[in-house]
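Just below is one structure, and these are the notes that go with it.
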Amino acid sequence: MTAQPTMLEPPVLDCEQTVRLLWDYLDQQLPEVDVRAVDQHLLECKTRCAPHFAFEHAFLELVHTARPRVIASDTLRARVRALIEADQHESSAGAQSHE
Amino acid sequence: MACVDSTLTNERVPLPFEDDALRCLDDVARFARSLTRAPDDADDLVQETYLRALRSRHTWKEGSDMRRWLFTICKNVFLRVHERARDQVALDDDPTNETLAAVLLHSALVASGEHELFDRISAADAIAAALAELTERFRMVVVLVDMEGYNYEDAATMLEVPVGTVRSRLFRARRLLQERLVEHARDAGFTGARVTPSVRTT
């Protein structure tokens with residue numbers, strides 16, 4: 001019989017401890033045990049902490065979806081291609097001069 | 001986030017340097033636009049970024065994250081041009097206080113009945129206007145983490161600052177953004193009581 005891996009019991013958090021972890025939680029930067037601890041608190045704190053987290057989550061979604069849609073213009077693409085071609089030409093000329 | 005065309009193959013086959021760099025062009029153009037906020041300046045910044053990338057291609061490791069590498073060069077060129085990096089030291093705040101301040105702001109909005117503002121305002125214009133008001137050190141971290149999806153560690157590597165600095169700048173920047181978004185929403189007609197002065201610490 002193999003031993004089952006033991007899962008750390010998440011600590012019980014109060015409201016202040018929970019909101020201190022707000023951004024790290026929403027940014028998925030917390031260890032799994034702390035995620036479970038926050039999840040547990042949010043389930044039980046429906047009128048205070050859960051709305052805070054939902055509000056900040058909506059804010060992050062808003063910022064993410066506002067990422068500008070920028071497509072490099074044909075002019076810019078041509079400028080960059082010209083740089084690359086010039087670099088390749090320079091490299092091959094340098095290689096030939098060393099032969 | 002390497003610029004590998006995953007639509008063509010499930011395997012992450014490294015592309016030749018030039019192809020990989022070109023595939024990142026739209027991403028770099030977007031990042032440059034976020035930094036400069038002016039299309040012509042952004043194009044010049046992109047060109048300079050690629051020029052420097054080509055000159056220092058010997059420092060790039062095949063198969064590594066081309067986009068991250070180009071973003072780092074782009075950021076460095078931008079800061080060098082603006083010569084503002086030296087003004088951006090020793091001003092970072094306590095990330096815990098910034099987190100708590102964000103919660104206080106939400107509480108103030110609940111009290112004034114404005115807590116659903118972020119569900120109602122038009123995102124792109126409001127965020128662009130609010131971002132434009134932030135200084136580079138705050139704008140960059142929001143762009144990298146919240147828009148481009150990098151984690152704290154990657155952003156710290158790209159910005160060449162400790163992870164703790166990324167956290168403190170990010171949390172402060174988010175609070176500043178939220179305050180500006182609230183102002184924007186009120187200007188757009190979502191009226192309500194003003195945020196209590198004790199919440200605003202800028």
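Labels used: A, B, ... for chains in the order of the structure tokens, numbers from 1 for residues in each chain, and numbers from 1 for ligands as shown.
Residue-level contacts from chain A to chain B at 7 Å, counting only C-alpha atoms, read Val19, Arg20, Leu22, Trp23, His52, Ala58, Phe59, Leu60, Leu62, Val63, His64, Ala66, Arg67, Pro68, Val70, Ile71, Ala72, Leu76, Val80, Leu83 and Ile84 of chain A.
Of the listed residues (B:Arg80, B:Glu136, B:Lys75, B:Phe17), B:Lys75 comes nearest to Leu159 in chain B; the distances count only C-alpha atoms.
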I want to know what sits within 10 Å of Asp14 in chain A, based on only C-alpha atoms, with residues of the same chain fewer than 3 positions away left out; could you give that as a PDB file with C-alpha atoms, in the first residue's frame?
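out.pdb written:
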```
ATOM      1  CA  PRO A  11      -4.952  28.350   7.104  1.00  0.00           C
ATOM      2  CA  GLN A  17      -5.499  38.706   5.919  1.00  0.00           C
ATOM      3  CA  THR A  18      -7.558  37.873   2.852  1.00  0.00           C
ATOM      4  CA  VAL A  19      -7.589  41.328   1.282  1.00  0.00           C
ATOM      5  CA  ALA A  37      -7.398  29.529   1.973  1.00  0.00           C
ATOM      6  CA  VAL A  38      -8.589  32.606   0.032  1.00  0.00           C
ATOM      7  CA  HIS A  41     -12.757  32.725   2.947  1.00  0.00           C
ATOM      8  CA  CYS A  45     -17.582  36.192   3.188  1.00  0.00           C
ATOM      9  CA  CYS A  49     -14.547  40.268   0.686  1.00  0.00           C
TER      10      CYS A  49
END
```
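Put simply, CA of Ala185 in chain B is 27.6 Å away from CA of Val166 in chain B.
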### Query
Could you name the residues that touch Leu8 in chain A at 10 Å or less, counting only C-alpha atoms, but leaving out those on the same chain fewer than 3 positions away, as number ranges by chain?
A: 5, 11, 32-34, 36
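Across the model, the gap from CA of Arg180 in chain B to CA of Leu134 in chain B is 9.7 Å.
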